[in-house]
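Engineer: My questions will all concern the structure given below.
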Amino acid sequence: MTSHVEDANRRDFLVVAGNAFAAVGAASLIWPFVQQMNPDASAKALASTEIDLAPVKEGQAITVMWRGKPVFIRNRTKDEIDAAAKVELSELPDREARNDGLSGAEPAVDANRVLKGHENWLVLVGICTHLGCIPKGQSMNDARGDFGGWFCPCHGSHYDTAGRVRKGPAPRNLEVPPYAFISDSKIKIG
Amino acid sequence: MTRPYLAAAALTVALAAAPSQLSASEAGPEIERQTWPYSGITGQFDQAQLQRGFQVYKEVCSSCHGLKRLYFRNLVQPGGPEFPEEGVKALANEWPNQITDGPNDDGQMFDRPAKLSDPIRGPYKNDKEARAAQNGALPPDLTLITKARSVERHAHWTVHPFLMLGDIAKGYQEGGSDYVHALLAGYVDPPADVKVNDGMYYNTAFPGHQLAMPPPLSEGVVTYQDGTPGTVENYSRDVTAFLAWTADPTHDQRKRIGWQVVLYLLVTTALLYLGKKKIWANIKH
Amino acid sequence: MSGHSSSYQPTSRWGKWWDERLPVARMMHGQFVDFPTPRNLNYMWTFGGILMFCLVAQIVTGIVLAMHYQPSDTAAFNSIEHIRRDVNYGWMLRSFHAVGASMFFIAVFLHIFRGLYYGSYKAPREVLWILGVIILLVMMATAFLGYTLPWGQMSFWGVTVITNLFSALDTIWDGLGTGIVEWLWGGYSVSGVTLNRFFSLHYLLPFVLTGVVILHIWALHVAGQNNPTGLDIKQPAETVPMHPYATSKDIVAMFAFLTLFAWFAFFLPDYLGHADNYIEANPLVTPPHIVPEWYFLPFYAILRAFTGSFLGIPLGSYAKLFGVVAMFGSVIILAFAPWLDSSRVRSAKYRPMYRMAFWAFAFTCVALGYLGSKPADGVYVLWAQIFTVLYFAFFLVAMPVLGLIETPRKLPKSINDAVLGSGGHGMPAGATAAPETR
């Protein structure tokens with residue numbers, strides 16, 4: 001359209017400042033809208049859980065929930081521990097310990113996957129590192145894969161008795177959550 | 001034809017001249033407004049008062065009333081009483097009203113001590129049990145009580161709008177607190193002409209004046225650690241403040257952010273107005 | 001959209017590529033950048049933009065709240081408390097949504113009153129106006145459904161009372177009303193089933209609303225905006241491009257409005273609500289005094305004005321039906337304003353008698369709002385009846401009759417004439433048309 005007004009688009013300091021202020025306000029409004037999708041206060045409050053291990057006999061395993069995820073706890077037999085300890089690092093597709101209780105990247109030897117003095121207890125987040133399925137192997141009757149640990153039926157990943165991936169598409173070893181023994185037969189995860 | 005409107009104006013004047021008529025039908029007890037640390041647009045909770053208030057709740061109110069929407073973890077968080085975490089853990093562990101959990105491996109429900117992530121339960125499992133134990137009266141959960149009560153203004157309609165504008169300007173939202181305080185401190189001997197029913201107590205603030213809750217507070221019933229005198233007035237104020245927090249635990253943050261937002265908006269509005277004047281400077285409109 | 005063609009010139013190759021395939025930028029430029037707006041618009045014309053903001057804000061905050069809300073009779077109330085207490089910034093988002101509904105209505109009421117004052121409903125804007133009335137109805141439905149969701153005492157009993165209105169149809173055909181009510185409820189009383197469907201509809205209607213809003217803007221851009229003089233635009237010099245002129249004004253008003261919004265959202269989040277809604281819904285206990293949200297109060301007062309008799313006229317068993325018809329009629333009658341008003345002059349600026357009637361009508365609406373908040377007994381009912389008569393008299397008496405008997409003030413020759421004074425200040429001389437007088 002035509003207009004008799006001259007230089008309608010003249011910008012001076014005030015106009016720029018006003019628009020800049022408005023833009024900053026609009027941008028900062030995004031923050032609460034993004035934050036609301038993060039875990040809320042009630043979810044954070046459940047971030048740790050305590051488990052009594054006394055009923056778990058050698059060779060048995062239990063599954064508990066921590067932060068909505070299954071956690072595998074296996075009371076390993078002597079044979080299983082020995083089998084895991086024997087494995088050379090060079091045989092492993094993923095050579096990092098993936099233990100949240102350790103600071104920094106450590107090699108994936110069996111000692112770095114468990115707590116010292118409690119080597120029979122293997123505690124793992126029971127989620128396949130490939131695409132998030134739950135591997136088989138907790139129950140005595142389950143297929144435990146070629147390495148006696150766990151086997152993920154979704155895409156055929158095999159884990160050994162230290163929860164390390166040995167075969168299949170999974171890129172990483174099963175994660176070890178942060179946990180500690182609060183007594184001889186009780187652990188606290190998280 | 002403006003006649004109906006002239007008639008309306010005339011009637012309006014007539015109505016204004018007959019003030020008492022309108023408020024006659026709604027004469028509930030008049031509740032006095034109090035000054036609270038958290039009053040108005042700038043008020044914030046007084047942490048020491050919240051701590052004392054919790055003590056009153058724990059030692060007096062909790063024998064009948066729960067706080068089921070409040071969690072032990074809330075007692076630790078910023079903006080509240082901010083008790084130390086270890087103390088609250090111990091408190092939760094010893095809390096007499098345990099949490100029903102389960103089923104366990106035998107398929108049974110069981111009671112266990114509360115954790116930080118558990119709500120502050122009252123003594124009764126459900127409303128029916130509460131009524132059975134309290135002669136049919138239900139002690140309400142107190143978490144939201146200061147939000148769930150309000151005070152109605154008994155102003156004449158000609159001044160009512162202005163009082164409302166005044167409340168908006170002041171940011172008055174403490175009607176529920178005013179009411180709870182008036183109720184707790186409102187137990188008096190009934191007037192001679194009032195017959196108080198069996199199991200009821202006369203209260204100046206309660207609608208109808210007959211309340212099933214016996215006077216909960218008396219001088220010295222709670223011993224404060226910080227040397228605040230143990231008067232009914234103090235107990236009532238402190239526990240009311242605490243309950244105002246339980247109903248609105250994000251209150252302090254809300255007003256703090258509110259000021260930042262309002263000041264930002266005022267400045268930006270002014271800037272935009274100046275910019276608009278500049279843009280329109282050469283145009284008569 | 002309208003006869004106005006866009007002056008859009010794509011500057012980049014990318015822009016040109018799009019322009020030849022899907023000229024969205026061209027359309028937006030034509031409708032919202034160089035669209036001609038009357039130069040004499042005052043701040044009452046900023047509410048359109050503010051309402052657009054309100055709609056978007058309600059949808060965005062609503063979608064976010066729906067991520068945390070649980071529409072079930074056992075969980076709804078708790079989930080609102082969860083949002084207030086535990087969700088990150090949940091208290092803020094809920095506050096924005098709840099206060100936002102009130103702000104939406106403040107803006108829409110001012111927008112409507114502006115239209116009534118300046119005659120924006122008259123030809124050629126009848127369709128624009130009727131679309132506006134439809135928007136108001138959909139907004140009211142959405143707000144009503146939304147108020148159910150917190151599942152507090154006032155939510156529950158508000159739904160019970162308002163849905164029961166339809167049972168008035170039993171007086172026309174026995175069982176019809178009851179059938180409709182039970183169909184709405186999905187049971188024999190308001191229950192979790194009702195809550196679920198109300199949530200679904202509450203989520204749906206804003207998008208219906210958006211569709212009608214688009215039509216409303218389309219119709220606006222066909223007819224062009226009205227202006228304080230109510231005169232038609234006679235020459236381009238009477239307009240300015242929408243951007244930066246109208247937009248710079250809109251944004252000032254919007255930020256002023258946001259300041260009020262923030263004041264309520266941060267300092268008085270519960271002021272516009274009702275304390276009883278912090279008590280979880282209990283089908284066994286009715287609150288002593290049921291009131292709807294403030295924006296429904298005038299309509300609620302009209303509903304309750306029809307008790308057993310109306311200003312001494314006995315209504316018998318039809319009282320409830322009359323009340324319901326009057327309440328819905330009080331909104332729908334707005335749609336007939338273009339044909340009820342007999343005056344050829346648009347703006348109340350030049351209509352002294354209509355102007356008085358307008359302000360009396362505004363007072364009537366406020367009075368009805370006040371009466372709607374009071375218990376329905378004694379003198380309040382009488383006053384509600386009187387003001388109900390005045391409400392309808394504005395449309396059915398004042399609008400048709402005033403146009404016939406009043407002598408309008410002398411109209412300026414044109415918008416420029418009104419703005420620049422009769423001298424015209426170097427405006428083209430030939431641009432005169434017959435002054436709009438009767």
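Residue names in the structure tokens use chain letters A, B, ... in the order shown, residue numbers from 1 in each chain, and ligand numbers from 1 in the order shown.
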What lies within 7 Å of Ile51 (chain A) using only C-alpha atoms, ignoring chain neighbours under 3 positions off, as a JSON list (two decimals) with N, CA and C atoms, in the first residue's frame?
Structural biologist:
```json
[["chain", "number", "residue", "atom", "x", "y", "z"],
["A", 186, "LYS", "N", 22.96, -55.78, 53.68],
["A", 186, "LYS", "CA", 22.03, -54.74, 53.22],
["A", 186, "LYS", "C", 22.78, -53.76, 52.34],
["A", 187, "ILE", "N", 22.20, -53.46, 51.17],
["A", 187, "ILE", "CA", 22.84, -52.44, 50.36],
["A", 187, "ILE", "C", 21.87, -51.28, 50.11],
["A", 188, "LYS", "N", 22.45, -50.15, 49.80],
["A", 188, "LYS", "CA", 21.67, -48.96, 49.46],
["A", 188, "LYS", "C", 22.09, -48.54, 48.06]]
```
Engineer: Can I get the residues of chain B within 9 Å of chain C, each with the closest pair of atoms and their distance in Å to one decimal, using only C-alpha atoms, sorted chain first then ascending number, as JSON lines?
Structural biologist:
```
{"residue": "B:Met1", "atom": "CA", "partner": "C:Ala398", "partner_atom": "CA", "distance": 5.6}
{"residue": "B:Thr2", "atom": "CA", "partner": "C:Ala357", "partner_atom": "CA", "distance": 6.2}
{"residue": "B:Pro4", "atom": "CA", "partner": "C:Leu390", "partner_atom": "CA", "distance": 6.7}
{"residue": "B:Tyr5", "atom": "CA", "partner": "C:Ala360", "partner_atom": "CA", "distance": 5.9}
{"residue": "B:Leu6", "atom": "CA", "partner": "C:Ala360", "partner_atom": "CA", "distance": 8.7}
{"residue": "B:Ala8", "atom": "CA", "partner": "C:Leu390", "partner_atom": "CA", "distance": 8.1}
{"residue": "B:Ala9", "atom": "CA", "partner": "C:Ala360", "partner_atom": "CA", "distance": 8.4}
{"residue": "B:Gln21", "atom": "CA", "partner": "C:Val379", "partner_atom": "CA", "distance": 7.9}
{"residue": "B:Leu22", "atom": "CA", "partner": "C:Val379", "partner_atom": "CA", "distance": 7.0}
{"residue": "B:Ser25", "atom": "CA", "partner": "C:Gly378", "partner_atom": "CA", "distance": 8.1}
{"residue": "B:Glu26", "atom": "CA", "partner": "C:Pro375", "partner_atom": "CA", "distance": 8.2}
{"residue": "B:Gly40", "atom": "CA", "partner": "C:Phe267", "partner_atom": "CA", "distance": 7.7}
{"residue": "B:Ile41", "atom": "CA", "partner": "C:Phe267", "partner_atom": "CA", "distance": 5.8}
{"residue": "B:Thr42", "atom": "CA", "partner": "C:Phe267", "partner_atom": "CA", "distance": 8.8}
{"residue": "B:Arg69", "atom": "CA", "partner": "C:Glu81", "partner_atom": "CA", "distance": 7.7}
{"residue": "B:Leu144", "atom": "CA", "partner": "C:Tyr278", "partner_atom": "CA", "distance": 6.6}
{"residue": "B:Ile145", "atom": "CA", "partner": "C:Tyr278", "partner_atom": "CA", "distance": 8.0}
{"residue": "B:Thr146", "atom": "CA", "partner": "C:Ala275", "partner_atom": "CA", "distance": 8.7}
{"residue": "B:Lys147", "atom": "CA", "partner": "C:Ala275", "partner_atom": "CA", "distance": 5.9}
{"residue": "B:Ala148", "atom": "CA", "partner": "C:Ala275", "partner_atom": "CA", "distance": 4.5}
{"residue": "B:Arg149", "atom": "CA", "partner": "C:Ala275", "partner_atom": "CA", "distance": 5.5}
{"residue": "B:Ser150", "atom": "CA", "partner": "C:Ala275", "partner_atom": "CA", "distance": 6.0}
{"residue": "B:Trp157", "atom": "CA", "partner": "C:Tyr370", "partner_atom": "CA", "distance": 8.3}
{"residue": "B:Ile168", "atom": "CA", "partner": "C:Leu268", "partner_atom": "CA", "distance": 7.4}
{"residue": "B:Ala169", "atom": "CA", "partner": "C:Trp263", "partner_atom": "CA", "distance": 8.8}
{"residue": "B:Gly171", "atom": "CA", "partner": "C:Phe267", "partner_atom": "CA", "distance": 5.7}
{"residue": "B:Tyr172", "atom": "CA", "partner": "C:Leu268", "partner_atom": "CA", "distance": 7.3}
{"residue": "B:Gln173", "atom": "CA", "partner": "C:Leu268", "partner_atom": "CA", "distance": 6.5}
{"residue": "B:Gly176", "atom": "CA", "partner": "C:Ala275", "partner_atom": "CA", "distance": 8.3}
{"residue": "B:Asp248", "atom": "CA", "partner": "C:Arg85", "partner_atom": "CA", "distance": 7.9}
{"residue": "B:Pro249", "atom": "CA", "partner": "C:Arg85", "partner_atom": "CA", "distance": 6.8}
{"residue": "B:Thr250", "atom": "CA", "partner": "C:Arg85", "partner_atom": "CA", "distance": 6.9}
{"residue": "B:Arg254", "atom": "CA", "partner": "C:Phe266", "partner_atom": "CA", "distance": 5.8}
{"residue": "B:Lys255", "atom": "CA", "partner": "C:Phe266", "partner_atom": "CA", "distance": 6.0}
{"residue": "B:Arg256", "atom": "CA", "partner": "C:Phe266", "partner_atom": "CA", "distance": 8.8}
{"residue": "B:Ile257", "atom": "CA", "partner": "C:Phe266", "partner_atom": "CA", "distance": 7.7}
{"residue": "B:Gly258", "atom": "CA", "partner": "C:Phe266", "partner_atom": "CA", "distance": 5.0}
{"residue": "B:Trp259", "atom": "CA", "partner": "C:Phe266", "partner_atom": "CA", "distance": 8.2}
{"residue": "B:Val261", "atom": "CA", "partner": "C:Ala262", "partner_atom": "CA", "distance": 7.1}
{"residue": "B:Val262", "atom": "CA", "partner": "C:Thr259", "partner_atom": "CA", "distance": 5.9}
{"residue": "B:Leu263", "atom": "CA", "partner": "C:Thr259", "partner_atom": "CA", "distance": 8.6}
{"residue": "B:Tyr264", "atom": "CA", "partner": "C:Thr259", "partner_atom": "CA", "distance": 9.0}
{"residue": "B:Leu265", "atom": "CA", "partner": "C:Thr259", "partner_atom": "CA", "distance": 5.7}
{"residue": "B:Leu266", "atom": "CA", "partner": "C:Thr259", "partner_atom": "CA", "distance": 6.8}
{"residue": "B:Thr268", "atom": "CA", "partner": "C:Phe255", "partner_atom": "CA", "distance": 7.3}
{"residue": "B:Thr269", "atom": "CA", "partner": "C:Phe255", "partner_atom": "CA", "distance": 5.4}
{"residue": "B:Ala270", "atom": "CA", "partner": "C:Val252", "partner_atom": "CA", "distance": 7.9}
{"residue": "B:Leu271", "atom": "CA", "partner": "C:Val252", "partner_atom": "CA", "distance": 8.6}
{"residue": "B:Leu272", "atom": "CA", "partner": "C:Val252", "partner_atom": "CA", "distance": 5.5}
{"residue": "B:Tyr273", "atom": "CA", "partner": "C:Val252", "partner_atom": "CA", "distance": 5.6}
{"residue": "B:Gly275", "atom": "CA", "partner": "C:Ser248", "partner_atom": "CA", "distance": 7.6}
{"residue": "B:Lys276", "atom": "CA", "partner": "C:Ser248", "partner_atom": "CA", "distance": 5.2}
{"residue": "B:Lys277", "atom": "CA", "partner": "C:Ser248", "partner_atom": "CA", "distance": 8.8}
{"residue": "B:Ile279", "atom": "CA", "partner": "C:Tyr245", "partner_atom": "CA", "distance": 6.8}
{"residue": "B:Trp280", "atom": "CA", "partner": "C:Tyr245", "partner_atom": "CA", "distance": 6.8}
{"residue": "B:Ile283", "atom": "CA", "partner": "C:Arg39", "partner_atom": "CA", "distance": 8.1}
{"residue": "B:Lys284", "atom": "CA", "partner": "C:Val419", "partner_atom": "CA", "distance": 6.7}
{"residue": "B:His285", "atom": "CA", "partner": "C:Asn40", "partner_atom": "CA", "distance": 4.7}
```
Engineer: Using only C-alpha atoms, which residue out of A:Pro55, A:Pro39, A:Gly126, A:Gly137 lies closest to chain B?
Structural biologist: A:Pro55
Engineer: Just the residues within 10 Å of Tyr121 (chain C), please, counting only C-alpha atoms, with nothing from its chain fewer than 2 positions along; format it as a list in words.
Structural biologist: Ile112, Gly115, Leu116, Tyr117, Tyr118, Gly119, Ala123, Pro124, Arg125, Glu126, Val127, Leu128, Trp129, Ile130, Gly132, Asn226, Leu334, Ala335, Phe336, Ala337, Pro338, Trp339, Asp341 and Arg346 of chain C
Engineer: Selected residues, C-alpha atoms, written as a PDB file, in the first residue's frame, please.
Structural biologist:
```
ATOM      1  CA  ILE C 112     -16.917  -6.817  23.171  1.00  0.00           C
ATOM      2  CA  GLY C 115     -17.423  -3.258  19.657  1.00  0.00           C
ATOM      3  CA  LEU C 116     -20.717  -2.237  21.223  1.00  0.00           C
ATOM      4  CA  TYR C 117     -19.532   1.291  21.877  1.00  0.00           C
ATOM      5  CA  TYR C 118     -18.092   2.017  18.455  1.00  0.00           C
ATOM      6  CA  GLY C 119     -20.718   0.105  16.500  1.00  0.00           C
ATOM      7  CA  ALA C 123     -22.646  -3.582   8.327  1.00  0.00           C
ATOM      8  CA  PRO C 124     -20.403  -4.676   6.749  1.00  0.00           C
ATOM      9  CA  ARG C 125     -19.079  -6.473   9.850  1.00  0.00           C
ATOM     10  CA  GLU C 126     -22.079  -8.638  10.801  1.00  0.00           C
ATOM     11  CA  VAL C 127     -20.350 -11.946  10.059  1.00  0.00           C
ATOM     12  CA  LEU C 128     -17.235 -10.793  11.856  1.00  0.00           C
ATOM     13  CA  TRP C 129     -19.387  -9.968  14.880  1.00  0.00           C
ATOM     14  CA  ILE C 130     -21.310 -13.238  14.823  1.00  0.00           C
ATOM     15  CA  GLY C 132     -17.059 -13.212  17.702  1.00  0.00           C
ATOM     16  CA  ASN C 226     -13.707  -0.092  12.377  1.00  0.00           C
ATOM     17  CA  LEU C 334     -25.479 -10.315  21.028  1.00  0.00           C
ATOM     18  CA  ALA C 335     -25.479 -12.009  17.635  1.00  0.00           C
ATOM     19  CA  PHE C 336     -28.612 -10.083  16.657  1.00  0.00           C
ATOM     20  CA  ALA C 337     -27.177  -6.676  17.524  1.00  0.00           C
ATOM     21  CA  PRO C 338     -26.391  -5.829  13.862  1.00  0.00           C
ATOM     22  CA  TRP C 339     -30.090  -5.993  13.052  1.00  0.00           C
ATOM     23  CA  ASP C 341     -29.651  -1.452  16.085  1.00  0.00           C
ATOM     24  CA  ARG C 346     -21.762   3.524  14.064  1.00  0.00           C
TER      25      ARG C 346
END
```
Engineer: Just want the 6 Å neighbourhood of region 65-77 of chain A, counted on only C-alpha atoms, with same-chain residues fewer than 6 positions away dropped. Output as a count of residues only.
Structural biologist: 10
Engineer: Just the residues within 10 Å of Asp101 (chain B), please, counting only C-alpha atoms, with nothing from its chain fewer than 5 positions along; format it as a list in words.
Structural biologist: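 Within the cut-off, the hits are Gln108, Met109, Phe110, Asp111, Arg112 and Pro113 of chain B.
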Engineer: Mind writing the picked residues with all heavy atoms as a PDB file, in the first residue's frame?
Structural biologist:
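The resulting file, out14.pdb, is shown below:
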```pdb
ATOM      1  N   GLN B 108       1.114 -59.983  52.322  1.00  0.00           N
ATOM      2  CA  GLN B 108       0.443 -59.206  53.361  1.00  0.00           C
ATOM      3  C   GLN B 108       0.869 -57.737  53.300  1.00  0.00           C
ATOM      4  O   GLN B 108       2.014 -57.434  52.983  1.00  0.00           O
ATOM      5  CB  GLN B 108       0.796 -59.763  54.753  1.00  0.00           C
ATOM      6  CG  GLN B 108       0.479 -61.234  54.917  1.00  0.00           C
ATOM      7  CD  GLN B 108      -0.989 -61.526  54.725  1.00  0.00           C
ATOM      8  OE1 GLN B 108      -1.844 -60.814  55.238  1.00  0.00           O
ATOM      9  NE2 GLN B 108      -1.300 -62.551  53.935  1.00  0.00           N
ATOM     10  N   MET B 109      -0.078 -56.838  53.646  1.00  0.00           N
ATOM     11  CA  MET B 109       0.297 -55.437  53.823  1.00  0.00           C
ATOM     12  C   MET B 109       0.940 -55.311  55.195  1.00  0.00           C
ATOM     13  O   MET B 109       0.644 -56.076  56.113  1.00  0.00           O
ATOM     14  CB  MET B 109      -0.931 -54.532  53.747  1.00  0.00           C
ATOM     15  CG  MET B 109      -1.699 -54.641  52.445  1.00  0.00           C
ATOM     16  SD  MET B 109      -0.715 -54.266  50.986  1.00  0.00           S
ATOM     17  CE  MET B 109      -0.723 -52.481  51.022  1.00  0.00           C
ATOM     18  N   PHE B 110       1.847 -54.349  55.322  1.00  0.00           N
ATOM     19  CA  PHE B 110       2.507 -54.182  56.614  1.00  0.00           C
ATOM     20  C   PHE B 110       2.782 -52.701  56.855  1.00  0.00           C
ATOM     21  O   PHE B 110       2.781 -51.899  55.912  1.00  0.00           O
ATOM     22  CB  PHE B 110       3.813 -54.981  56.648  1.00  0.00           C
ATOM     23  CG  PHE B 110       4.791 -54.581  55.574  1.00  0.00           C
ATOM     24  CD1 PHE B 110       5.772 -53.635  55.825  1.00  0.00           C
ATOM     25  CD2 PHE B 110       4.703 -55.140  54.290  1.00  0.00           C
ATOM     26  CE1 PHE B 110       6.660 -53.262  54.826  1.00  0.00           C
ATOM     27  CE2 PHE B 110       5.599 -54.766  53.288  1.00  0.00           C
ATOM     28  CZ  PHE B 110       6.582 -53.823  53.560  1.00  0.00           C
ATOM     29  N   ASP B 111       2.966 -52.347  58.110  1.00  0.00           N
ATOM     30  CA  ASP B 111       3.321 -50.969  58.454  1.00  0.00           C
ATOM     31  C   ASP B 111       4.825 -50.873  58.618  1.00  0.00           C
ATOM     32  O   ASP B 111       5.464 -51.765  59.173  1.00  0.00           O
ATOM     33  CB  ASP B 111       2.632 -50.566  59.764  1.00  0.00           C
ATOM     34  CG  ASP B 111       1.176 -50.222  59.523  1.00  0.00           C
ATOM     35  OD1 ASP B 111       0.748 -50.286  58.359  1.00  0.00           O
ATOM     36  OD2 ASP B 111       0.481 -49.910  60.501  1.00  0.00           O
ATOM     37  N   ARG B 112       5.381 -49.793  58.110  1.00  0.00           N
ATOM     38  CA  ARG B 112       6.817 -49.577  58.269  1.00  0.00           C
ATOM     39  C   ARG B 112       7.045 -48.121  58.661  1.00  0.00           C
ATOM     40  O   ARG B 112       6.180 -47.275  58.422  1.00  0.00           O
ATOM     41  CB  ARG B 112       7.544 -49.906  56.969  1.00  0.00           C
ATOM     42  CG  ARG B 112       7.080 -49.036  55.813  1.00  0.00           C
ATOM     43  CD  ARG B 112       8.083 -49.035  54.678  1.00  0.00           C
ATOM     44  NE  ARG B 112       7.539 -48.317  53.535  1.00  0.00           N
ATOM     45  CZ  ARG B 112       7.543 -46.995  53.402  1.00  0.00           C
ATOM     46  NH1 ARG B 112       8.045 -46.226  54.351  1.00  0.00           N
ATOM     47  NH2 ARG B 112       7.029 -46.419  52.324  1.00  0.00           N
ATOM     48  N   PRO B 113       8.215 -47.818  59.242  1.00  0.00           N
ATOM     49  CA  PRO B 113       8.499 -46.419  59.587  1.00  0.00           C
ATOM     50  C   PRO B 113       8.558 -45.551  58.334  1.00  0.00           C
ATOM     51  O   PRO B 113       8.897 -46.030  57.252  1.00  0.00           O
ATOM     52  CB  PRO B 113       9.873 -46.496  60.260  1.00  0.00           C
ATOM     53  CG  PRO B 113      10.075 -47.917  60.632  1.00  0.00           C
ATOM     54  CD  PRO B 113       9.288 -48.731  59.658  1.00  0.00           C
TER      55      PRO B 113
END
```
Engineer: Find the residues near Arg409 (chain C): any atom within 9 Å, counting only C-alpha atoms, skip ones fewer than 3 places away on the same chain, and give them as a ChimeraX atom specification.
Structural biologist: /C:349-352,437
Engineer: Starting from chain A, keep only residues with some atom at most 6 Å from an atom of chain B, counting only C-alpha atoms, and report them as a PDB file with N, CA and C atoms, in the first residue's frame.
Structural biologist:
```pdb
ATOM      1  N   LEU A  14      15.501   3.766  21.232  1.00  0.00           N
ATOM      2  CA  LEU A  14      14.395   3.374  22.104  1.00  0.00           C
ATOM      3  C   LEU A  14      13.641   2.172  21.565  1.00  0.00           C
ATOM      4  N   VAL A  15      13.394   2.201  20.263  1.00  0.00           N
ATOM      5  CA  VAL A  15      12.645   1.111  19.655  1.00  0.00           C
ATOM      6  C   VAL A  15      13.427  -0.190  19.765  1.00  0.00           C
ATOM      7  N   GLY A  18      13.481  -1.359  23.442  1.00  0.00           N
ATOM      8  CA  GLY A  18      12.182  -1.918  23.841  1.00  0.00           C
ATOM      9  C   GLY A  18      11.997  -3.311  23.280  1.00  0.00           C
ATOM     10  N   PHE A  21      14.315  -5.836  25.014  1.00  0.00           N
ATOM     11  CA  PHE A  21      13.796  -6.207  26.333  1.00  0.00           C
ATOM     12  C   PHE A  21      12.677  -7.229  26.202  1.00  0.00           C
ATOM     13  N   ALA A  45      13.011 -37.599  45.163  1.00  0.00           N
ATOM     14  CA  ALA A  45      12.995 -38.079  46.547  1.00  0.00           C
ATOM     15  C   ALA A  45      13.117 -39.588  46.613  1.00  0.00           C
TER      16      ALA A  45
END
```
Engineer: Between C:His243, C:Pro10, C:Ile214, C:Phe207, single out the one closest to chain A, counting only C-alpha atoms.
Structural biologist: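 Using only C-alpha atoms, chain A sits closest to C:His243.
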